[in-house]
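Trainee: Here you go, this is coords_19.tsv (TSV, C-alpha atoms and all ligand atoms).
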```tsv
chain	number	residue	atom	x	y	z
A	1	MET	CA	2.66	-141.08	64.12
A	2	SER	CA	5.59	-138.68	63.70
A	3	GLU	CA	6.83	-136.02	66.06
A	4	VAL	CA	6.65	-132.38	64.99
A	5	TYR	CA	8.51	-129.87	67.13
A	6	PHE	CA	6.69	-126.57	67.44
A	7	SER	CA	7.97	-123.31	68.83
A	8	PRO	CA	5.00	-120.93	68.94
A	9	MET	CA	5.18	-117.16	68.55
A	10	ALA	CA	3.07	-116.70	71.68
A	11	PHE	CA	5.00	-115.25	74.60
A	12	SER	CA	4.21	-114.41	78.21
A	13	ARG	CA	6.92	-111.89	79.15
A	14	TYR	CA	8.91	-109.13	77.48
A	15	GLU	CA	12.16	-111.09	77.49
A	16	ALA	CA	14.44	-112.11	74.64
A	17	SER	CA	14.35	-115.71	75.86
A	18	GLU	CA	10.60	-115.72	75.18
A	19	THR	CA	10.98	-114.78	71.54
A	20	LEU	CA	11.24	-116.98	68.47
A	21	PRO	CA	15.02	-116.95	67.79
A	22	GLU	CA	15.75	-118.22	71.31
A	23	LYS	CA	12.98	-120.79	71.08
A	24	PHE	CA	14.45	-121.87	67.74
A	25	SER	CA	17.81	-122.50	69.46
A	26	ARG	CA	16.07	-124.65	72.04
A	27	MET	CA	14.24	-126.52	69.29
A	28	LEU	CA	17.51	-127.29	67.50
A	29	ALA	CA	19.01	-128.59	70.74
A	30	ALA	CA	15.99	-130.82	71.40
A	31	CYS	CA	15.38	-132.45	68.02
A	32	GLY	CA	18.48	-134.65	67.66
A	33	LEU	CA	19.92	-132.66	64.75
A	34	GLY	CA	23.29	-131.95	66.43
A	35	LYS	CA	24.43	-135.57	66.44
A	36	ALA	CA	23.11	-136.16	62.93
A	37	VAL	CA	25.23	-133.43	61.30
A	38	GLN	CA	28.48	-134.34	63.02
A	39	GLY	CA	31.25	-134.68	60.41
A	40	LYS	CA	28.78	-134.18	57.56
A	41	LYS	CA	28.72	-131.85	54.55
A	42	VAL	CA	25.41	-130.12	55.14
A	43	ALA	CA	23.34	-128.32	52.49
A	44	ILE	CA	20.97	-125.81	54.04
A	45	LYS	CA	18.36	-125.38	51.31
A	46	MET	CA	16.37	-122.20	51.65
A	47	HIS	CA	14.77	-119.57	49.42
A	48	VAL	CA	16.84	-116.39	49.30
A	49	GLY	CA	14.02	-114.38	47.71
A	50	SER	CA	14.58	-111.76	45.03
A	51	GLY	CA	14.11	-108.06	44.43
A	52	VAL	CA	12.60	-106.30	47.43
A	53	SER	CA	11.00	-109.34	49.04
A	54	TYR	CA	11.32	-109.48	52.83
A	55	SER	CA	9.16	-112.45	53.80
A	56	THR	CA	11.85	-115.10	53.39
A	57	ILE	CA	13.43	-116.56	56.53
A	58	PRO	CA	15.04	-113.68	58.46
A	59	PRO	CA	18.85	-113.90	58.59
A	60	VAL	CA	18.87	-114.12	62.40
A	61	PHE	CA	17.36	-117.62	62.16
A	62	VAL	CA	19.69	-118.66	59.35
A	63	ARG	CA	22.70	-117.50	61.35
A	64	LYS	CA	21.53	-119.49	64.37
A	65	LEU	CA	21.14	-122.63	62.27
A	66	VAL	CA	24.57	-122.22	60.68
A	67	GLN	CA	26.19	-121.74	64.08
A	68	PHE	CA	24.39	-124.78	65.43
A	69	VAL	CA	25.60	-127.01	62.58
A	70	GLN	CA	29.17	-125.74	62.89
A	71	GLU	CA	29.25	-126.13	66.68
A	72	ASN	CA	28.14	-129.71	66.23
A	73	GLY	CA	30.93	-130.54	63.80
A	74	GLY	CA	29.11	-130.13	60.48
A	75	GLU	CA	30.42	-128.20	57.47
A	76	CYS	CA	27.55	-126.27	55.95
A	77	PHE	CA	26.60	-123.96	53.12
A	78	ILE	CA	23.40	-122.13	52.21
A	79	THR	CA	22.08	-123.01	48.80
A	80	ASP	CA	19.24	-122.13	46.41
A	81	HIS	CA	18.55	-122.02	42.69
A	82	TYR	CA	20.24	-119.20	40.72
A	83	VAL	CA	21.47	-117.54	43.88
A	84	ALA	CA	24.14	-115.22	42.48
A	85	ARG	CA	21.93	-113.38	40.02
A	86	ARG	CA	19.31	-112.72	42.71
A	87	ASN	CA	21.69	-110.66	44.86
A	88	PRO	CA	20.94	-112.37	48.19
A	89	HIS	CA	23.34	-110.04	50.05
A	90	GLU	CA	20.84	-107.20	49.44
A	91	ARG	CA	18.38	-109.07	51.68
A	92	GLY	CA	20.92	-110.04	54.33
A	93	TYR	CA	22.06	-113.41	53.01
A	94	SER	CA	25.82	-113.14	52.69
A	95	GLU	CA	28.74	-115.27	53.80
A	96	ALA	CA	29.95	-112.41	56.00
A	97	GLY	CA	26.64	-112.20	57.83
A	98	LEU	CA	25.66	-115.85	57.97
A	99	GLY	CA	29.06	-117.47	58.54
A	100	CYS	CA	29.05	-119.88	55.60
A	101	PRO	CA	28.99	-119.67	51.78
A	102	VAL	CA	25.77	-118.89	49.88
A	103	LEU	CA	25.92	-120.98	46.71
A	104	ASP	CA	24.02	-121.81	43.50
A	105	ASP	CA	22.84	-125.39	43.86
A	106	CYS	CA	23.23	-126.08	40.12
A	107	ALA	CA	26.24	-123.71	39.81
A	108	TYR	CA	26.15	-120.33	38.08
A	109	PHE	CA	25.18	-121.59	34.62
A	110	GLY	CA	22.73	-124.19	35.97
A	111	LYS	CA	24.74	-127.05	34.45
A	112	TYR	CA	25.85	-128.92	37.57
A	113	PHE	CA	23.28	-131.66	38.15
A	114	TYR	CA	22.65	-135.41	38.10
A	115	THR	CA	19.72	-136.77	36.10
A	116	ILE	CA	17.28	-139.33	37.44
A	117	GLU	CA	14.83	-140.63	34.86
A	118	ALA	CA	11.16	-140.03	35.66
A	119	ASN	CA	8.11	-141.50	34.00
A	120	TYR	CA	5.08	-139.44	34.90
A	121	LYS	CA	3.38	-137.82	31.90
A	122	LYS	CA	5.54	-134.86	30.83
A	123	LEU	CA	7.85	-135.21	33.83
A	124	ARG	CA	10.70	-137.25	32.33
A	125	HIS	CA	13.81	-135.99	34.10
A	126	VAL	CA	14.49	-135.05	37.69
A	127	ASP	CA	17.79	-133.19	37.35
A	128	VAL	CA	18.98	-133.08	40.95
A	129	ALA	CA	21.11	-130.01	41.73
A	130	GLY	CA	24.77	-131.00	42.02
A	131	LEU	CA	25.38	-129.41	45.40
A	132	ILE	CA	22.33	-131.13	46.84
A	133	TYR	CA	23.25	-134.50	45.36
A	134	ASP	CA	26.83	-134.28	46.60
A	135	ALA	CA	25.93	-133.21	50.15
A	136	ASP	CA	25.82	-135.81	52.95
A	137	PHE	CA	22.93	-134.17	54.71
A	138	MET	CA	20.24	-131.62	53.87
A	139	ILE	CA	18.34	-129.23	56.08
A	140	ASP	CA	15.19	-128.29	54.17
A	141	PHE	CA	14.74	-124.83	55.66
A	142	SER	CA	11.46	-123.49	54.25
A	143	HIS	CA	9.26	-120.46	54.58
A	144	VAL	CA	5.56	-121.34	54.52
A	145	LYS	CA	3.28	-119.22	52.31
A	146	GLY	CA	0.52	-119.51	49.75
A	147	HIS	CA	1.35	-120.54	46.19
A	148	GLY	CA	-0.64	-120.16	43.00
A	149	ALA	CA	0.31	-123.51	41.53
A	150	CYS	CA	0.37	-125.75	44.63
A	151	GLY	CA	-1.99	-123.96	47.04
A	152	TYR	CA	0.88	-123.53	49.50
A	153	GLY	CA	4.64	-123.58	49.45
A	154	GLY	CA	6.68	-125.23	52.17
A	155	ALA	CA	9.09	-128.15	52.58
A	156	CYS	CA	7.99	-129.95	49.41
A	157	LYS	CA	8.13	-126.93	47.16
A	158	ASN	CA	11.53	-125.91	48.52
A	159	ILE	CA	12.87	-129.21	47.20
A	160	ALA	CA	10.74	-129.94	44.12
A	161	MET	CA	11.23	-126.50	42.58
A	162	GLY	CA	14.45	-125.44	44.30
A	163	CYS	CA	16.74	-128.48	44.08
A	164	VAL	CA	16.40	-129.13	40.35
A	165	THR	CA	17.25	-127.60	36.98
A	166	ASP	CA	15.14	-125.38	34.77
A	167	ARG	CA	14.42	-128.40	32.57
A	168	THR	CA	12.78	-130.23	35.46
A	169	ARG	CA	10.90	-127.12	36.57
A	170	HIS	CA	9.61	-126.70	33.04
A	171	GLU	CA	8.49	-130.33	32.88
A	172	LEU	CA	6.71	-129.90	36.21
A	173	HIS	CA	4.93	-126.76	35.05
A	174	SER	CA	3.83	-128.51	31.89
A	175	LEU	CA	1.74	-130.80	34.12
A	176	GLU	CA	-0.45	-127.84	35.01
A	177	GLY	CA	-3.82	-127.68	33.37
A	178	GLY	CA	-7.55	-127.71	33.83
A	179	LEU	CA	-9.22	-125.87	30.94
A	180	LEU	CA	-9.81	-126.85	27.32
A	181	TRP	CA	-10.52	-124.30	24.58
A	182	ASP	CA	-12.19	-125.14	21.28
A	183	ALA	CA	-11.02	-122.73	18.57
A	184	ASP	CA	-13.84	-123.75	16.24
A	185	LYS	CA	-16.49	-122.69	18.74
A	186	CYS	CA	-14.90	-119.42	19.87
A	187	VAL	CA	-16.44	-116.23	18.45
A	188	HIS	CA	-13.84	-113.97	20.15
A	189	CYS	CA	-16.35	-112.00	22.18
A	190	ASN	CA	-13.79	-111.63	25.03
A	191	LYS	CA	-16.41	-112.32	27.71
A	192	CYS	CA	-14.08	-114.91	29.24
A	193	LEU	CA	-11.38	-112.26	29.72
A	194	ASP	CA	-13.79	-109.83	31.37
A	195	ALA	CA	-15.02	-112.58	33.69
A	196	CYS	CA	-11.60	-113.50	35.06
A	197	ASN	CA	-10.79	-111.77	38.34
A	198	HIS	CA	-7.31	-113.25	38.44
A	199	PHE	CA	-5.69	-111.97	35.22
A	200	ALA	CA	-5.14	-115.61	34.34
A	201	ASN	CA	-6.31	-115.75	30.72
A	202	HIS	CA	-5.53	-113.96	27.50
A	203	PHE	CA	-5.58	-114.45	23.74
A	204	GLY	CA	-2.09	-114.73	22.33
A	205	GLY	CA	-0.74	-113.33	19.09
A	206	ASP	CA	-1.73	-116.66	17.53
A	207	GLY	CA	-5.36	-115.97	18.47
A	208	ALA	CA	-5.42	-118.95	20.85
A	209	TYR	CA	-6.73	-118.87	24.41
A	210	HIS	CA	-3.93	-119.10	26.98
A	211	VAL	CA	-4.22	-119.67	30.72
A	212	ASN	CA	-1.60	-118.94	33.33
A	213	TYR	CA	-2.34	-121.77	35.75
A	214	HIS	CA	-0.34	-120.13	38.51
A	215	ASN	CA	-2.98	-117.40	38.68
A	216	CYS	CA	-5.98	-119.49	37.61
A	217	THR	CA	-8.13	-120.67	40.52
A	218	LEU	CA	-10.26	-122.89	38.28
A	219	CYS	CA	-13.24	-120.81	39.36
A	220	GLN	CA	-14.85	-121.55	35.95
A	221	HIS	CA	-16.20	-118.03	35.49
A	222	CYS	CA	-14.79	-118.09	31.97
A	223	VAL	CA	-16.44	-121.46	31.39
A	224	LYS	CA	-19.80	-120.18	32.56
A	225	VAL	CA	-19.88	-116.88	30.64
A	226	CYS	CA	-18.82	-118.35	27.33
A	227	PRO	CA	-21.87	-118.13	25.04
A	228	THR	CA	-20.70	-120.93	22.75
A	229	ASP	CA	-19.34	-123.45	25.29
A	230	ALA	CA	-15.89	-123.03	23.82
A	231	ILE	CA	-14.21	-123.47	27.21
A	232	THR	CA	-14.68	-126.64	29.21
A	233	LEU	CA	-13.11	-128.17	32.28
A	234	ASP	CA	-10.52	-130.82	31.53
A	235	SER	CA	-10.50	-134.10	33.44
A	236	HIS	CA	-6.81	-133.54	34.15
A	237	ASP	CA	-6.65	-130.79	36.72
A	238	TYR	CA	-4.10	-129.28	39.07
A	239	THR	CA	-3.56	-132.61	40.85
A	240	ASP	CA	-1.21	-133.77	38.07
A	241	PHE	CA	1.10	-130.96	39.08
A	242	GLN	CA	0.83	-131.98	42.73
A	243	THR	CA	1.68	-135.58	41.84
A	244	GLY	CA	4.66	-134.40	39.81
A	245	MET	CA	5.87	-132.28	42.72
A	246	ALA	CA	5.66	-135.26	45.07
A	247	LEU	CA	7.49	-137.56	42.66
A	248	CYS	CA	10.19	-134.97	42.06
A	249	THR	CA	10.64	-134.43	45.80
A	250	LYS	CA	10.88	-138.17	46.37
A	251	ALA	CA	13.54	-138.53	43.69
A	252	VAL	CA	15.64	-135.79	45.32
A	253	CYS	CA	15.16	-137.18	48.84
A	254	ASP	CA	16.12	-140.68	47.70
A	255	THR	CA	19.61	-139.43	46.89
A	256	PHE	CA	20.20	-139.12	50.66
A	257	ALA	CA	20.82	-141.91	53.15
A	258	PRO	CA	18.00	-142.56	55.66
A	259	LYS	CA	17.70	-139.95	58.43
A	260	SER	CA	19.82	-137.50	56.45
A	261	ILE	CA	17.21	-134.80	55.83
A	262	PHE	CA	15.71	-132.60	58.51
A	263	TYR	CA	12.74	-130.35	57.75
A	264	ILE	CA	12.20	-126.91	59.27
A	265	ASN	CA	9.15	-124.84	58.32
A	266	VAL	CA	9.12	-121.19	59.34
A	267	LEU	CA	5.58	-119.83	59.71
A	268	THR	CA	6.14	-116.10	59.84
A	269	GLN	CA	5.01	-113.42	57.38
A	270	ILE	CA	2.72	-115.94	55.69
A	271	THR	CA	1.74	-114.23	52.46
A	272	ALA	CA	-0.63	-115.20	49.65
A	273	LEU	CA	2.16	-115.59	47.11
A	274	CYS	CA	5.51	-117.28	46.80
A	275	ASP	CA	8.80	-115.58	47.76
A	276	CYS	CA	9.97	-115.62	44.14
A	277	TRP	CA	7.78	-112.69	43.07
A	278	GLY	CA	10.43	-110.19	44.09
A	279	MET	CA	8.07	-108.45	46.50
A	280	THR	CA	6.19	-109.05	49.72
A	281	THR	CA	2.51	-108.40	50.38
A	282	PRO	CA	0.87	-108.10	53.83
A	283	ALA	CA	0.58	-111.25	55.92
A	284	LEU	CA	-2.56	-113.38	55.59
A	285	VAL	CA	-2.58	-114.53	59.22
A	286	PRO	CA	-0.60	-113.55	62.33
A	287	ASP	CA	2.84	-115.16	62.68
A	288	ILE	CA	2.56	-118.71	64.02
A	289	GLY	CA	6.09	-119.87	64.88
A	290	ILE	CA	8.49	-122.57	63.66
A	291	MET	CA	7.85	-126.28	63.11
A	292	SER	CA	10.38	-129.01	62.42
A	293	SER	CA	10.45	-132.75	62.01
A	294	TRP	CA	12.31	-135.71	60.56
A	295	ASP	CA	9.10	-136.41	58.64
A	296	MET	CA	8.31	-134.10	55.71
A	297	VAL	CA	4.67	-135.08	55.44
A	298	SER	CA	3.99	-134.48	59.11
A	299	VAL	CA	5.63	-131.07	59.17
A	300	GLU	CA	3.70	-130.04	56.05
A	301	GLN	CA	0.41	-131.28	57.48
A	302	ALA	CA	0.99	-129.54	60.81
A	303	SER	CA	1.97	-126.31	59.04
A	304	VAL	CA	-1.09	-126.21	56.79
A	305	ASP	CA	-3.34	-127.12	59.73
A	306	ALA	CA	-1.95	-124.15	61.65
A	307	VAL	CA	-2.90	-121.62	58.96
A	308	LYS	CA	-6.52	-121.06	59.95
A	309	LEU	CA	-9.27	-119.20	58.14
A	310	GLU	CA	-10.54	-117.67	61.38
A	311	ASN	CA	-7.21	-115.87	61.76
A	312	LEU	CA	-7.37	-114.27	58.31
A	313	ILE	CA	-6.10	-110.70	58.11
A	314	PRO	CA	-8.16	-109.30	55.21
A	315	GLU	CA	-5.39	-106.89	54.16
A	316	GLY	CA	-3.36	-109.92	53.06
A	317	ILE	CA	-5.70	-110.43	50.11
A	318	PRO	CA	-5.60	-108.08	47.12
A	319	GLN	CA	-8.60	-105.78	47.06
A	320	GLY	CA	-11.37	-107.08	44.82
A	321	MET	CA	-10.05	-110.62	44.75
A	322	GLU	CA	-12.76	-113.15	45.21
A	323	LEU	CA	-12.30	-116.04	47.68
A	324	LYS	CA	-13.96	-119.40	47.24
A	325	GLN	CA	-16.68	-120.12	49.77
A	326	GLU	CA	-15.34	-123.30	51.33
A	327	GLY	CA	-12.20	-125.19	52.25
A	328	HIS	CA	-8.80	-124.20	53.61
A	329	LEU	CA	-7.77	-120.55	53.35
A	330	PHE	CA	-5.16	-121.42	50.70
A	331	TYR	CA	-7.80	-123.28	48.68
A	332	ARG	CA	-10.17	-120.33	48.87
A	333	LEU	CA	-7.37	-118.12	47.66
A	334	HIS	CA	-5.78	-120.18	44.88
A	335	GLY	CA	-8.31	-122.90	44.02
A	336	LYS	CA	-5.82	-125.68	44.75
A	337	ASP	CA	-6.40	-127.74	47.88
A	338	PRO	CA	-3.12	-127.74	49.86
A	339	TYR	CA	-4.00	-131.08	51.43
A	340	VAL	CA	-3.90	-132.75	48.00
A	341	GLN	CA	-0.17	-132.00	47.87
A	342	ILE	CA	0.29	-133.57	51.29
A	343	GLU	CA	-1.68	-136.67	50.29
A	344	LYS	CA	0.54	-137.11	47.24
A	345	LEU	CA	3.66	-136.82	49.42
A	346	GLU	CA	2.31	-139.52	51.69
A	347	GLU	CA	1.38	-141.72	48.72
A	348	VAL	CA	4.94	-141.70	47.37
A	349	GLY	CA	6.28	-142.73	50.77
A	350	LEU	CA	7.76	-139.54	52.16
A	351	GLY	CA	6.11	-139.85	55.57
A	352	THR	CA	2.80	-139.80	57.37
A	353	LYS	CA	0.12	-137.17	57.85
A	354	ASP	CA	-0.38	-138.33	61.45
A	355	TYR	CA	1.64	-136.22	63.82
A	356	THR	CA	1.99	-135.22	67.43
A	357	LEU	CA	3.12	-131.75	68.39
A	358	THR	CA	5.96	-131.37	70.88
A	359	ILE	CA	5.87	-127.78	72.06
A	360	ILE	CA	9.28	-126.18	72.57
A	361	LYS	CA	8.93	-122.96	74.52
B	401	LIG	S1	-16.16	-116.26	26.03
B	401	LIG	FE1	-16.04	-118.08	24.72
B	401	LIG	S2	-16.54	-117.34	22.69
B	401	LIG	FE2	-16.08	-115.54	23.91
B	401	LIG	S3	-13.90	-115.17	23.55
B	401	LIG	FE3	-14.04	-116.43	25.37
B	401	LIG	S4	-13.83	-118.54	24.61
B	401	LIG	FE4	-14.31	-117.26	22.85
B	402	LIG	S1	-11.11	-120.57	35.55
B	402	LIG	FE1	-11.40	-118.60	36.61
B	402	LIG	S2	-9.31	-117.97	37.15
B	402	LIG	FE2	-9.11	-119.56	35.59
B	402	LIG	S3	-8.98	-118.47	33.63
B	402	LIG	FE3	-11.16	-118.97	33.96
B	402	LIG	S4	-12.03	-117.20	34.99
B	402	LIG	FE4	-9.81	-117.01	35.16
```
What's the structure tokens form of this structure?
Mentor:
Amino acid sequence: MSEVYFSPMAFSRYEASETLPEKFSRMLAACGLGKAVQGKKVAIKMHVGSGVSYSTIPPVFVRKLVQFVQENGGECFITDHYVARRNPHERGYSEAGLGCPVLDDCAYFGKYFYTIEANYKKLRHVDVAGLIYDADFMIDFSHVKGHGACGYGGACKNIAMGCVTDRTRHELHSLEGGLLWDADKCVHCNKCLDACNHFANHFGGDGAYHVNYHNCTLCQHCVKVCPTDAITLDSHDYTDFQTGMALCTKAVCDTFAPKSIFYINVLTQITALCDCWGMTTPALVPDIGIMSSWDMVSVEQASVDAVKLENLIPEGIPQGMELKQEGHLFYRLHGKDPYVQIEKLEEVGLGTKDYTLTIIK
């Protein structure tokens, strides 16, 4: 069983010491991170957002983490994929404000990486970002939210999609799937398009049926309305993508020495969609707090467990969008069970789902 530190949003008095940034400082002091970063080159991997998004980790927490690492003798930098062209300073992520450089993990042209061969279906190369590979220590500093392709985005997604090249991301996305279309049976009645509430399908210029699996919830409405049975469910579903994500994450993590990655999940402004959309929609549930652990699987499990259906704020869901009738809130929303991702992470040896919560107030 692994320990997950949890600083809850809940407070009992109107005092700064009762609020999340101060609790975060106490969490950092309690978790053993200070000694671990001493004398190390530390990559703080986070998502700097894009456009007018404002749900990524607020700069006040980033600044606190940077100060903590520096005070404990670590040399740190903030890093993400294609940072420079996403203008992070416009959302408060600048060297002047945070106290350390904000850098592209694969460099500006995306050509600074180290390749690890992979052998899972179309995932053949895990191109580990150069700055991640060359760091001594990584703090996987993640914002938790829903995600169309994985059900949720947290510690795993921050690494699998954010610490690799476009080639690896493309190979991962090519694992997505779930629907088969038979051109010979299709009579182009367009009923499948009308039946999709998620704008996930279209007919391309080539006349072929295309599905955007990020948006597709595998609800099978298109399957059911098709008068000629031209669309069927494939045996290979979204779990291939989840497996690929886990394998990719493992390959990146294996480039670090044992006990050289610390995971911090920030559970505030938990939205339906990923931070990369260049916008922010209303929160799905009230802010929960911050969780951290030396065990990725435990912190992911605890984070997903904490996002509860009974706390749903309906305004966080686009009007007219249809939720599934059972399962976790993220499953109802995106049709991908978030716990499948966590099971895959456990299967590849990244930790355990069994956790105990240590509350840091
Ligand atoms: S509902 Fe079936 S037949 Fe009609 S356009 Fe879609 S795939 Fe083709
Ligand atoms: S399965 Fe549902 S979400 Fe996916 S393309 Fe068909 S109708 Fe749209």
Trainee: Identify, counting all atoms listed in the file, the protein, DNA and RNA residues located within 7 Å of ligand LIG 401 (chain B), and give them as an NGL selection string.
Mentor: :A and (181 or 185-193 or 222 or 225-231)
Trainee: Can you tell me which residues surround A:Ala208 at a distance of at most 9 Å, considering only C-alpha atoms, apart from same-chain residues fewer than 5 positions away, and format the answer as JSON, numbers by chain?
Mentor: {"A": [181, 183, 202, 203]}
Trainee: With a distance cut-off of 7 Å and all atoms listed in the file, select the neighbouring residues of stretch 321-334 of chain A, excluding the residue or stretch itself and same-chain residues fewer than 5 positions from it, and output the selection as a VMD selection string.
Mentor: chain A and resid 146 148 151 to 152 197 217 308 to 309
Trainee: Taking only C-alpha atoms and all ligand atoms into account, which of A:Val285, A:Leu273, A:Val340, A:Cys216 comes nearest ligand LIG 402 (chain B)?
Mentor: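 The answer is A:Cys216, which sits nearest to ligand LIG 402 (chain B).
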Trainee: Would you mind telling me which residue in A:Asn311, A:Gln38, A:Thr168, A:Ser94 lies nearest to A:Phe137 when using only C-alpha atoms?
Mentor: A:Gln38
Trainee: Can you tell me how far atom CA of A:Lys45 sits from atom CA of A:Tyr355, in Å to one decimal?
Mentor: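 Spanning atom CA of A:Lys45 to atom CA of A:Tyr355 is a straight-line distance of 23.5 Å.
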Trainee: Could I get the residue neighbourhood of ligand LIG 402 (chain B) at 6 Å, counting all atoms listed in the file, as a list in words?
Mentor: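 Checked against 6 Å with all atoms listed in the file; the hits are Ala195, Cys196, His198, Ala200, Asn201, Val211, Cys216, Thr217, Leu218, Cys219, Gln220, His221 and Cys222 of chain A.
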Trainee: Of the candidates A:Phe241, A:Phe256, A:Phe77, A:Phe199, which one gets nearest to A:Tyr133 if we count only C-alpha atoms?
Mentor: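 That would be A:Phe256, the residue with the smallest distance to A:Tyr133.
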Trainee: In Å to one decimal, how far is atom CA of A:Val69 from atom CA of A:Gly39?
Mentor: 9.8 Å
Trainee: Just give me the residues with any atom within 12 Å of (25.3, -119.6, 70.1), file coordinates, counting only C-alpha atoms, written as a list in words.
Mentor: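 In the file's frame, the residues around the point are Pro21, Glu22, Phe24, Ser25, Arg26, Leu28, Ala29, Val60, Phe61, Arg63, Lys64, Leu65, Val66, Gln67, Phe68, Val69, Gln70, Glu71 and Asn72 of chain A.
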Trainee: Quick one: contact table of stretch 223-300 of chain A to stretch 123-131 of chain A, 12 Å max, nearest atom pair and distance in Å to one decimal per residue, counting only C-alpha atoms, chain and number order, as a tab-separated table?
Mentor:
```
residue	atom	partner	partner_atom	distance
A:Asp240	CA	A:Leu123	CA	10.1
A:Phe241	CA	A:Leu123	CA	9.5
A:Gln242	CA	A:Leu123	CA	11.8
A:Thr243	CA	A:Leu123	CA	10.1
A:Gly244	CA	A:Leu123	CA	6.8
A:Met245	CA	A:Leu123	CA	9.6
A:Ala246	CA	A:Leu123	CA	11.5
A:Leu247	CA	A:Val126	CA	8.9
A:Cys248	CA	A:Val126	CA	6.1
A:Thr249	CA	A:Val126	CA	9.0
A:Lys250	CA	A:Val126	CA	9.9
A:Ala251	CA	A:Val126	CA	7.0
A:Val252	CA	A:Val128	CA	6.1
A:Cys253	CA	A:Val128	CA	9.7
A:Asp254	CA	A:Val128	CA	10.6
A:Thr255	CA	A:Val128	CA	8.7
A:Phe256	CA	A:Val128	CA	11.5
```
Trainee: Using all atoms listed in the file, I'd like a table of the residues in stretch 28-131 of chain A that come within 12 Å of stretch 159-164 of chain A; for each, show the closest atom pair and its distance in Å rounded to one decimal, ordered by chain and ascending number, as a tab-separated table.
Mentor:
```
residue	atom	partner	partner_atom	distance
A:Ala43	CA	A:Cys163	CA	10.7
A:Ile44	CA	A:Ile159	CA	11.1
A:Lys45	CA	A:Ile159	CA	7.9
A:Met46	CA	A:Gly162	CA	8.3
A:His47	CA	A:Gly162	CA	7.8
A:Val48	CA	A:Gly162	CA	10.6
A:Gly49	CA	A:Gly162	CA	11.6
A:Thr79	CA	A:Cys163	CA	9.0
A:Asp80	CA	A:Gly162	CA	6.2
A:His81	CA	A:Gly162	CA	5.6
A:Tyr82	CA	A:Gly162	CA	9.2
A:Val83	CA	A:Gly162	CA	10.6
A:Asp104	CA	A:Cys163	CA	9.9
A:Asp105	CA	A:Cys163	CA	6.8
A:Cys106	CA	A:Val164	CA	7.5
A:Ala107	CA	A:Val164	CA	11.2
A:Gly110	CA	A:Val164	CA	9.1
A:Lys111	CA	A:Val164	CA	10.4
A:Tyr112	CA	A:Val164	CA	9.9
A:Phe113	CA	A:Val164	CA	7.7
A:Tyr114	CA	A:Val164	CA	9.1
A:Thr115	CA	A:Val164	CA	9.4
A:Ile116	CA	A:Val164	CA	10.6
A:Leu123	CA	A:Ala160	CA	11.9
A:His125	CA	A:Val164	CA	9.6
A:Val126	CA	A:Val164	CA	6.8
A:Asp127	CA	A:Val164	CA	5.2
A:Val128	CA	A:Val164	CA	4.8
A:Ala129	CA	A:Val164	CA	5.0
A:Gly130	CA	A:Cys163	CA	8.7
A:Leu131	CA	A:Cys163	CA	8.8
```
Trainee: Using atom CA of A:Thr19 and atom CA of A:Met291 as the two end points, give the distance in Å to one decimal.
Mentor: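 Atom CA of A:Met291 lies at a distance of 14.6 Å from atom CA of A:Thr19.
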Trainee: Using only C-alpha atoms, find the one residue out of A:Met1, A:Ala135, A:Met27, A:Ile360 that sits nearest to A:Ser298.
Mentor: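 For A:Ser298, the nearest of the given residues is A:Met1.
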Trainee: Using all atoms listed in the file, can you tell me which of A:Ile317, A:Ala302, A:Cys100, A:Cys274 comes closest to A:Glu75?
Mentor: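 Closest candidate: A:Cys100.
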Trainee: Can you spit out stretch 108-116 of chain A with N, CA and C atoms, as a tab-separated table (two decimals), in the first residue's frame, from the structure just given?
Mentor:
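So out.tsv came out as:
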```tsv
chain	number	residue	atom	x	y	z
A	108	TYR	N	12.97	23.85	-29.38
A	108	TYR	CA	12.01	24.63	-30.16
A	108	TYR	C	11.50	23.88	-31.39
A	109	PHE	N	12.40	23.17	-32.07
A	109	PHE	CA	11.98	22.47	-33.29
A	109	PHE	C	11.52	21.04	-33.03
A	110	GLY	N	11.48	20.64	-31.75
A	110	GLY	CA	11.02	19.29	-31.41
A	110	GLY	C	11.99	18.19	-31.82
A	111	LYS	N	13.29	18.54	-31.94
A	111	LYS	CA	14.25	17.56	-32.46
A	111	LYS	C	15.26	17.09	-31.40
A	112	TYR	N	15.02	17.44	-30.16
A	112	TYR	CA	15.94	17.05	-29.08
A	112	TYR	C	15.26	15.93	-28.29
A	113	PHE	N	15.64	14.70	-28.59
A	113	PHE	CA	14.99	13.55	-27.93
A	113	PHE	C	15.88	12.32	-28.02
A	114	TYR	N	15.55	11.31	-27.27
A	114	TYR	CA	16.26	10.02	-27.28
A	114	TYR	C	15.21	8.94	-27.54
A	115	THR	N	15.48	8.08	-28.50
A	115	THR	CA	14.48	7.08	-28.89
A	115	THR	C	14.66	5.77	-28.13
A	116	ILE	N	13.55	5.28	-27.61
A	116	ILE	CA	13.51	3.94	-27.03
A	116	ILE	C	12.54	3.13	-27.90
```
